[in-house]
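Dumped final19.txt below, it's compact mmCIF, C-alpha atoms:
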```txt
# COMPACT_ATOMS: atom_id res chain seq x y z
CA MET Y 1 0.00 0.00 0.00
CA ILE Y 2 1.52 3.29 -1.13
CA ASN Y 3 0.18 6.48 0.41
CA LEU Y 4 -0.79 9.30 -1.93
CA ASN Y 5 1.78 11.52 -0.24
CA GLU Y 6 4.86 9.41 -0.97
CA PRO Y 7 4.88 9.64 -4.79
CA LEU Y 8 3.93 13.31 -4.52
CA ILE Y 9 6.99 14.01 -2.37
CA LEU Y 10 9.17 12.26 -4.96
CA SER Y 11 7.49 14.35 -7.65
CA ALA Y 12 8.26 17.59 -5.81
CA VAL Y 13 11.89 16.51 -5.34
CA LEU Y 14 12.28 15.68 -9.04
CA LEU Y 15 10.74 19.00 -10.08
CA ALA Y 16 13.03 20.94 -7.74
CA LEU Y 17 16.11 19.08 -9.02
CA GLY Y 18 15.06 19.82 -12.60
CA ALA Y 19 14.55 23.51 -11.80
CA ILE Y 20 17.98 23.69 -10.17
CA GLY Y 21 19.51 22.08 -13.25
CA VAL Y 22 17.82 24.57 -15.59
CA ILE Y 23 19.05 27.54 -13.54
CA VAL Y 24 22.55 26.40 -12.60
CA ARG Y 25 23.88 24.45 -15.58
CA ARG Y 26 25.58 26.06 -18.58
CA ASN Y 27 25.58 23.11 -20.96
CA LEU Y 28 22.38 23.46 -23.02
CA ILE Y 29 22.06 19.68 -23.49
CA ILE Y 30 21.94 19.20 -19.72
CA VAL Y 31 19.44 22.07 -19.45
CA LEU Y 32 17.17 20.19 -21.90
CA MET Y 33 17.62 17.00 -19.85
CA SER Y 34 16.58 18.88 -16.71
CA ILE Y 35 13.43 20.02 -18.50
CA GLU Y 36 12.66 16.37 -19.30
CA LEU Y 37 13.13 15.62 -15.58
CA MET Y 38 10.57 18.30 -14.68
CA LEU Y 39 8.08 16.90 -17.23
CA ASN Y 40 8.50 13.48 -15.61
CA ALA Y 41 7.81 14.95 -12.19
CA ALA Y 42 4.49 16.27 -13.51
CA ASN Y 43 3.71 12.86 -15.03
CA LEU Y 44 4.36 11.16 -11.68
CA ALA Y 45 1.93 13.54 -9.96
CA PHE Y 46 -0.72 12.77 -12.60
CA ILE Y 47 -0.25 9.01 -12.15
CA SER Y 48 -0.41 9.13 -8.36
CA PHE Y 49 -3.57 11.27 -8.29
CA SER Y 50 -5.07 9.02 -10.95
CA LYS Y 51 -4.49 5.95 -8.79
CA SER Y 52 -5.82 7.68 -5.70
CA LEU Y 53 -9.03 8.76 -7.45
CA GLY Y 54 -9.43 5.45 -9.29
CA ASP Y 55 -9.87 7.44 -12.52
CA VAL Y 56 -7.92 6.63 -15.65
CA GLN Y 57 -8.06 10.14 -17.14
CA GLY Y 58 -4.70 11.02 -15.58
CA HIS Y 59 -3.08 8.30 -17.67
CA VAL Y 60 -4.46 9.90 -20.83
CA PHE Y 61 -2.95 13.22 -19.79
CA VAL Y 62 0.40 11.50 -19.31
CA LEU Y 63 0.19 10.05 -22.82
CA MET Y 64 -0.42 13.57 -24.16
CA ALA Y 65 2.58 14.78 -22.13
CA PHE Y 66 4.67 12.02 -23.77
CA ALA Y 67 3.77 13.37 -27.20
CA VAL Y 68 4.59 16.94 -26.20
CA ALA Y 69 7.89 15.85 -24.61
CA ALA Y 70 8.91 13.96 -27.74
CA ALA Y 71 8.12 16.96 -29.95
CA GLU Y 72 9.92 19.30 -27.55
CA ALA Y 73 13.02 17.10 -27.44
CA ALA Y 74 13.15 16.77 -31.23
CA VAL Y 75 12.77 20.50 -31.94
CA GLY Y 76 14.97 21.54 -29.00
CA LEU Y 77 17.80 19.27 -30.07
CA ALA Y 78 17.47 20.42 -33.70
CA ILE Y 79 17.84 24.02 -32.51
CA LEU Y 80 20.84 22.94 -30.44
CA VAL Y 81 22.52 21.36 -33.48
CA ALA Y 82 21.86 24.54 -35.49
CA ILE Y 83 23.40 26.62 -32.69
CA TYR Y 84 26.41 24.32 -32.55
CA ARG Y 85 26.97 24.70 -36.31
CA LYS Y 86 27.00 28.50 -35.99
CA LYS Y 87 28.82 28.97 -32.67
CA ARG Y 88 30.84 25.75 -32.35
CA SER Y 89 29.59 25.51 -28.77
CA VAL Y 90 26.58 24.34 -26.76
CA ASP Y 91 27.39 26.65 -23.87
CA SER Y 92 24.57 29.01 -22.91
CA ASP Y 93 27.13 31.80 -22.45
CA ALA Y 94 27.99 31.58 -26.16
CA LEU Y 95 24.51 32.90 -26.98
CA ASN Y 96 25.09 36.54 -26.18
CA SER Y 97 24.45 38.22 -29.55
CA LEU Y 98 21.34 39.93 -28.14
CA LYS Y 99 23.42 41.36 -25.29
CA TRP Y 100 24.25 44.96 -25.99
CA MET D 1 3.65 -4.43 2.51
CA ILE D 2 6.22 -5.32 -0.16
CA GLU D 3 4.84 -2.51 -2.34
CA GLY D 4 5.75 0.16 0.19
CA VAL D 5 9.30 -1.16 0.56
CA LEU D 6 9.78 -1.42 -3.21
CA PHE D 7 8.41 2.07 -3.69
CA LYS D 8 10.82 3.57 -1.18
CA LEU D 9 13.72 1.72 -2.81
CA PHE D 10 12.84 2.90 -6.33
CA ALA D 11 12.13 6.43 -5.10
CA ALA D 12 15.57 6.66 -3.50
CA VAL D 13 17.30 5.36 -6.63
CA THR D 14 15.26 7.74 -8.83
CA ALA D 15 16.21 10.76 -6.73
CA LEU D 16 19.87 9.67 -6.73
CA PHE D 17 19.94 9.30 -10.54
CA ALA D 18 18.18 12.68 -10.92
CA LEU D 19 20.84 14.28 -8.73
CA ILE D 20 23.57 12.76 -10.92
CA VAL D 21 21.83 14.18 -14.03
CA VAL D 22 22.01 17.70 -12.58
CA VAL D 23 25.51 17.69 -11.04
CA SER D 24 27.50 15.53 -13.48
CA LYS D 25 30.21 17.34 -15.48
CA ASP D 26 30.09 14.80 -18.30
CA ALA D 27 27.04 15.02 -20.58
CA TYR D 28 27.24 11.29 -21.38
CA LYS D 29 27.09 10.47 -17.67
CA SER D 30 24.06 12.73 -17.34
CA ALA D 31 22.35 10.97 -20.23
CA VAL D 32 22.93 7.51 -18.75
CA ALA D 33 21.71 8.71 -15.34
CA LEU D 34 18.60 10.15 -17.02
CA ILE D 35 17.89 6.74 -18.61
CA GLY D 36 18.20 5.22 -15.13
CA THR D 37 15.76 7.81 -13.77
CA PHE D 38 13.22 6.99 -16.48
CA ILE D 39 13.46 3.23 -15.93
CA CYS D 40 13.09 3.58 -12.14
CA LEU D 41 10.10 5.86 -12.72
CA ALA D 42 8.59 3.16 -14.96
CA CYS D 43 8.96 0.71 -12.05
CA ILE D 44 7.16 3.20 -9.79
CA TYR D 45 4.38 3.54 -12.38
CA VAL D 46 3.91 -0.25 -12.25
CA LEU D 47 3.56 -0.04 -8.45
CA LEU D 48 0.91 2.67 -8.99
CA TYR D 49 -1.09 0.39 -11.34
CA ALA D 50 -0.20 2.38 -14.47
CA HIS D 51 0.97 -0.57 -16.56
CA LEU D 52 0.47 0.90 -20.03
CA VAL D 53 2.17 4.16 -19.07
CA ALA D 54 5.11 2.23 -17.60
CA VAL D 55 5.66 0.33 -20.85
CA LEU D 56 5.38 3.51 -22.92
CA GLN D 57 7.76 5.30 -20.54
CA VAL D 58 10.46 2.74 -21.27
CA ILE D 59 9.81 2.69 -25.03
CA ILE D 60 9.35 6.43 -25.66
CA TYR D 61 11.50 8.09 -22.99
CA ALA D 62 14.27 5.63 -22.23
CA GLY D 63 14.26 4.46 -25.86
CA ALA D 64 13.40 7.09 -28.42
CA ILE D 65 14.04 10.40 -26.69
CA MET D 66 17.31 9.38 -25.04
CA VAL D 67 18.67 8.08 -28.35
CA LEU D 68 18.14 11.60 -29.72
CA PHE D 69 19.98 13.08 -26.73
CA VAL D 70 22.92 10.70 -27.04
CA PHE D 71 23.20 11.40 -30.77
CA VAL D 72 23.32 15.16 -30.20
CA ILE D 73 25.92 14.77 -27.42
CA ALA D 74 28.00 12.73 -29.85
CA LEU D 75 27.58 15.33 -32.63
CA SER D 76 28.54 18.31 -30.51
CA SER D 77 31.91 18.04 -28.85
CA SER D 78 31.26 17.37 -25.19
CA VAL D 79 34.71 18.58 -24.16
CA GLU D 80 33.00 21.85 -23.29
CA ASN D 81 34.77 23.06 -20.19
CA GLU D 82 32.16 24.47 -17.87
CA ARG D 83 33.96 27.50 -16.59
CA LYS D 84 33.68 28.40 -12.94
CA ARG D 85 30.20 29.67 -12.30
CA PRO D 86 29.71 32.78 -10.26
CA ARG D 87 28.95 31.34 -6.84
CA LEU D 88 25.94 33.63 -6.45
CA LEU D 89 24.11 32.00 -9.36
CA GLY D 90 24.62 28.51 -7.94
CA VAL D 91 23.25 29.61 -4.57
CA ALA D 92 20.34 31.39 -6.28
CA GLY D 93 19.56 28.25 -8.26
CA VAL D 94 19.52 26.02 -5.19
CA VAL D 95 17.38 28.54 -3.26
CA CYS D 96 14.87 28.72 -6.15
CA GLY D 97 14.75 24.92 -6.32
CA ALA D 98 14.23 24.64 -2.57
CA LEU D 99 11.41 27.23 -2.72
CA VAL D 100 9.71 25.28 -5.52
CA ALA D 101 9.98 22.08 -3.47
CA VAL D 102 8.66 23.68 -0.28
CA GLU D 103 5.66 25.25 -2.00
CA LEU D 104 4.82 22.01 -3.81
CA LEU D 105 5.11 19.99 -0.61
CA LYS D 106 2.78 22.43 1.12
CA VAL D 107 0.16 21.96 -1.61
CA PHE D 108 0.66 18.20 -1.77
CA TYR D 109 0.30 17.76 1.98
CA SER D 110 -3.18 19.25 1.73
CA ALA D 111 -4.10 16.48 -0.74
CA ARG D 112 -6.27 13.86 0.90
CA ASP D 113 -6.08 10.25 -0.12
CA THR D 114 -9.60 9.19 -1.04
CA GLY D 115 -8.71 5.68 -0.03
CA TYR D 116 -8.59 3.48 -3.12
CA GLU D 117 -6.19 0.94 -1.66
CA VAL D 118 -6.55 -1.13 -4.78
CA PRO D 119 -8.06 0.67 -7.78
CA PRO D 120 -11.02 -0.87 -9.65
CA GLN D 121 -10.50 -4.05 -11.66
CA GLY D 122 -8.72 -3.44 -14.98
CA PHE D 123 -7.46 0.00 -13.95
CA GLY D 124 -4.59 1.33 -16.06
CA THR D 125 -4.63 -1.52 -18.56
CA LEU D 126 -4.38 -0.95 -22.31
CA GLU D 127 -8.13 -1.50 -22.63
CA ALA D 128 -9.15 1.01 -19.97
CA VAL D 129 -6.80 3.75 -21.16
CA SER D 130 -7.67 3.22 -24.83
CA ARG D 131 -11.38 3.40 -24.12
CA GLU D 132 -10.87 6.77 -22.44
CA LEU D 133 -8.50 7.97 -25.16
CA PHE D 134 -10.78 7.11 -28.08
CA THR D 135 -14.04 8.35 -26.55
CA ASN D 136 -13.67 11.34 -24.21
CA PHE D 137 -10.26 12.45 -25.49
CA PHE D 138 -10.67 11.73 -29.19
CA VAL D 139 -10.29 15.33 -30.41
CA PRO D 140 -7.11 16.02 -28.36
CA PHE D 141 -5.74 12.71 -29.59
CA GLU D 142 -6.25 13.78 -33.20
CA LEU D 143 -4.78 17.22 -32.48
CA VAL D 144 -1.57 15.55 -31.27
CA SER D 145 -0.97 14.54 -34.90
CA VAL D 146 -1.01 18.25 -35.86
CA LEU D 147 1.57 18.92 -33.13
CA MET D 148 3.69 16.07 -34.48
CA LEU D 149 3.51 17.51 -38.00
CA ALA D 150 4.61 20.92 -36.71
CA ALA D 151 7.48 19.29 -34.80
CA ILE D 152 8.61 17.38 -37.90
CA MET D 153 8.61 20.54 -40.02
CA GLY D 154 10.44 22.49 -37.31
CA THR D 155 13.07 19.78 -37.00
CA ILE D 156 13.67 19.72 -40.78
CA ILE D 157 13.93 23.50 -41.00
CA PHE D 158 16.32 23.79 -38.04
CA GLY D 159 18.31 20.85 -39.38
CA LYS D 160 19.00 22.82 -42.56
CA GLU D 161 19.89 25.96 -40.62
CA GLY D 162 23.51 27.10 -40.88
CA ARG D 163 24.69 24.29 -43.16
CA GLU D 164 27.27 25.22 -45.77
```
Any chance you could give the structure as structure tokens?
Amino acid sequence: MINLNEPLILSAVLLALGAIGVIVRRNLIIVLMSIELMLNAANLAFISFSKSLGDVQGHVFVLMAFAVAAAEAAVGLAILVAIYRKKRSVDSDALNSLKW
Amino acid sequence: MIEGVLFKLFAAVTALFALIVVVSKDAYKSAVALIGTFICLACIYVLLYAHLVAVLQVIIYAGAIMVLFVFVIALSSSVENERKRPRLLGVAGVVCGALVAVELLKVFYSARDTGYEVPPQGFGTLEAVSRELFTNFFVPFELVSVLMLAAIMGTIIFGKEGRE
């Protein structure tokens, strides 16, 4: 028997770790990975509430989130490759052309 | 009984892998740790009676998406030396993360378990999820294909960007 609270605590921890990764890391690939981590934290919350309510709609939302995550990863990584071709770097500090 | 123990075990391993993703200097190591996180999360989904989602988590996340990540890490030189960060930004990041966690925990603690110890028969199976997906969520399901088309076009256009 798993309490509702336990997976929710894990979900909060994963989301916080992902947020820290997005803010602190410079490598854009790792930033994208941290975003995936945050999406997974949301999925875990959906699944745990779904089980607690005995309603399968949360699972459908997770499937939609899968589709969005796949699209996001594909486009994000394509942008990253384009940036790497231009700047020869995937460092977020290399992207300073808008800085005056 | 065994469920609770297994859950705690998988939760600890998941959090550990997630920590490695965020702190690792090597992008490859981060990618492998992220695969570990996804697989442990799939195990947790099984414990929460989400069997279909667990299978798809392994196929889509740990399979398809991580292959993309590993390819891009291989294409871009990962010898990027992360220069020393200003200490302030690291502290600010950790404080922001901690605030997010505290707020979320506050909200989550107000959530009441409605007491489905074992969900209804057939919960989370392919049949149950598909029935929901193809009746109540049919229009969103079809709209996902439009999103996919947009993603494909975006990927092609950005793939051509900046090529000699």
Residues of range 22-134 of chain D that have any atom at most 9 Å from an atom of range 37-42 of chain Y: could you tabulate them with the shortest-distance atom pair and the distance in Å to one decimal, using only C-alpha atoms, ordered by chain and increasing number, as CSV?
```
residue,atom,partner,partner_atom,distance
D:Leu34,CA,Y:Leu37,CA,7.9
D:Thr37,CA,Y:Leu37,CA,8.4
D:Phe38,CA,Y:Asn40,CA,8.1
D:Leu41,CA,Y:Asn40,CA,8.3
```
Original post:
Between Y:Ala82, Y:Ala45, Y:Val31, Y:Val90, which is the closest to Gly154 in chain D once you count all atoms listed in the file?
Top reply: Y:Ala82
**OP:** Could the residues of chain D within 6 Å of chain Y, counting all atoms listed in the file, be given as a PyMOL selection string, please?
**Re:** chain D and resi 3-4+22+90+93-94+97+100-101+104+113+116+119+151+155+158-159+161
Box in all listed atoms of range 86-97 of chain Y, axis-aligned, with 8 Å more on each side; write out centre and edge lengths in Å to one decimal as JSON.
```
{"center_x": 27.6, "center_y": 31.3, "center_z": -29.2, "size_x": 22.4, "size_y": 29.9, "size_z": 29.5}
```
**OP:** Could you tell me which of D:Ile39, D:Val107, D:Ala92, D:Ala50 comes closest to Met66 in chain D if we count only C-alpha atoms?
**Re:**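 Going through D:Ile39, D:Val107, D:Ala92, D:Ala50 one by one, the smallest distance to Met66 in chain D is for D:Ile39.
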**OP:** Grab the CA of Cys40 in chain D to CA of Ala11 in chain D distance for me, in Å with one decimal place.
**Re:**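 Taking CA of Cys40 in chain D and CA of Ala11 in chain D, their separation equals 7.7 Å.
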Subject >> Test item: residues at most 9 Å from Thr125 in chain D, all atoms listed in the file, excluding those fewer than 5 positions along its chain, as a ChimeraX atom specification >> reply: /D:49-53,130
**OP:** Please measure the separation of CA of Val23 in chain D and CA of Phe10 in chain D, giving the value in Å to one decimal.
**Re:** 20.0 Å
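Proximity of D:Ala64, D:Ala42, D:Ala33, D:Leu89 to Phe17 in chain D, computed with only C-alpha atoms, is greatest for D:Ala33.
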**OP:** For CA of Ser110 in chain D and CA of Ala98 in chain D, quote the distance in Å rounded to one decimal.
**Re:**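 That distance, rounded to one decimal, is 18.7 Å.
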Original post:
Do you know which residues lie at most 12 Å from (27.0, 11.0, -22.5), with coordinates as in the file and all atoms listed in the file counted, and could you write them as a PyMOL selection string?
Top reply: (chain Y and resi 29-30+33) or (chain D and resi 21+24-35+66-79)
Reconstruct N, CA, C and O atoms of range 140-152 of chain D; output as a tab-separated table (two decimals), in the coordinates of the input.
```tsv
chain	number	residue	atom	x	y	z
D	140	PRO	N	-8.52	15.77	-28.70
D	140	PRO	CA	-7.11	16.02	-28.36
D	140	PRO	C	-6.16	15.02	-28.97
D	140	PRO	O	-5.08	15.37	-29.43
D	141	PHE	N	-6.59	13.75	-29.01
D	141	PHE	CA	-5.74	12.71	-29.59
D	141	PHE	C	-5.44	13.01	-31.05
D	141	PHE	O	-4.30	12.88	-31.51
D	142	GLU	N	-6.48	13.45	-31.79
D	142	GLU	CA	-6.25	13.78	-33.20
D	142	GLU	C	-5.38	15.02	-33.33
D	142	GLU	O	-4.55	15.13	-34.24
D	143	LEU	N	-5.56	15.98	-32.39
D	143	LEU	CA	-4.78	17.22	-32.48
D	143	LEU	C	-3.29	16.97	-32.24
D	143	LEU	O	-2.45	17.73	-32.72
D	144	VAL	N	-2.98	15.89	-31.49
D	144	VAL	CA	-1.57	15.55	-31.27
D	144	VAL	C	-0.87	15.33	-32.60
D	144	VAL	O	0.30	15.68	-32.77
D	145	SER	N	-1.61	14.79	-33.61
D	145	SER	CA	-0.97	14.54	-34.90
D	145	SER	C	-0.57	15.86	-35.55
D	145	SER	O	0.45	15.94	-36.24
D	146	VAL	N	-1.38	16.94	-35.33
D	146	VAL	CA	-1.01	18.25	-35.86
D	146	VAL	C	0.28	18.73	-35.20
D	146	VAL	O	1.20	19.24	-35.86
D	147	LEU	N	0.35	18.53	-33.86
D	147	LEU	CA	1.57	18.92	-33.13
D	147	LEU	C	2.78	18.18	-33.67
D	147	LEU	O	3.85	18.77	-33.89
D	148	MET	N	2.59	16.87	-33.94
D	148	MET	CA	3.69	16.07	-34.48
D	148	MET	C	4.14	16.61	-35.83
D	148	MET	O	5.33	16.70	-36.12
D	149	LEU	N	3.17	16.97	-36.68
D	149	LEU	CA	3.51	17.51	-38.00
D	149	LEU	C	4.33	18.79	-37.86
D	149	LEU	O	5.36	18.96	-38.52
D	150	ALA	N	3.88	19.67	-36.94
D	150	ALA	CA	4.61	20.92	-36.71
D	150	ALA	C	6.02	20.62	-36.22
D	150	ALA	O	7.00	21.25	-36.66
D	151	ALA	N	6.15	19.63	-35.33
D	151	ALA	CA	7.48	19.29	-34.80
D	151	ALA	C	8.38	18.76	-35.91
D	151	ALA	O	9.56	19.11	-35.99
D	152	ILE	N	7.80	17.92	-36.81
D	152	ILE	CA	8.61	17.38	-37.90
D	152	ILE	C	9.11	18.51	-38.79
D	152	ILE	O	10.30	18.57	-39.14
```
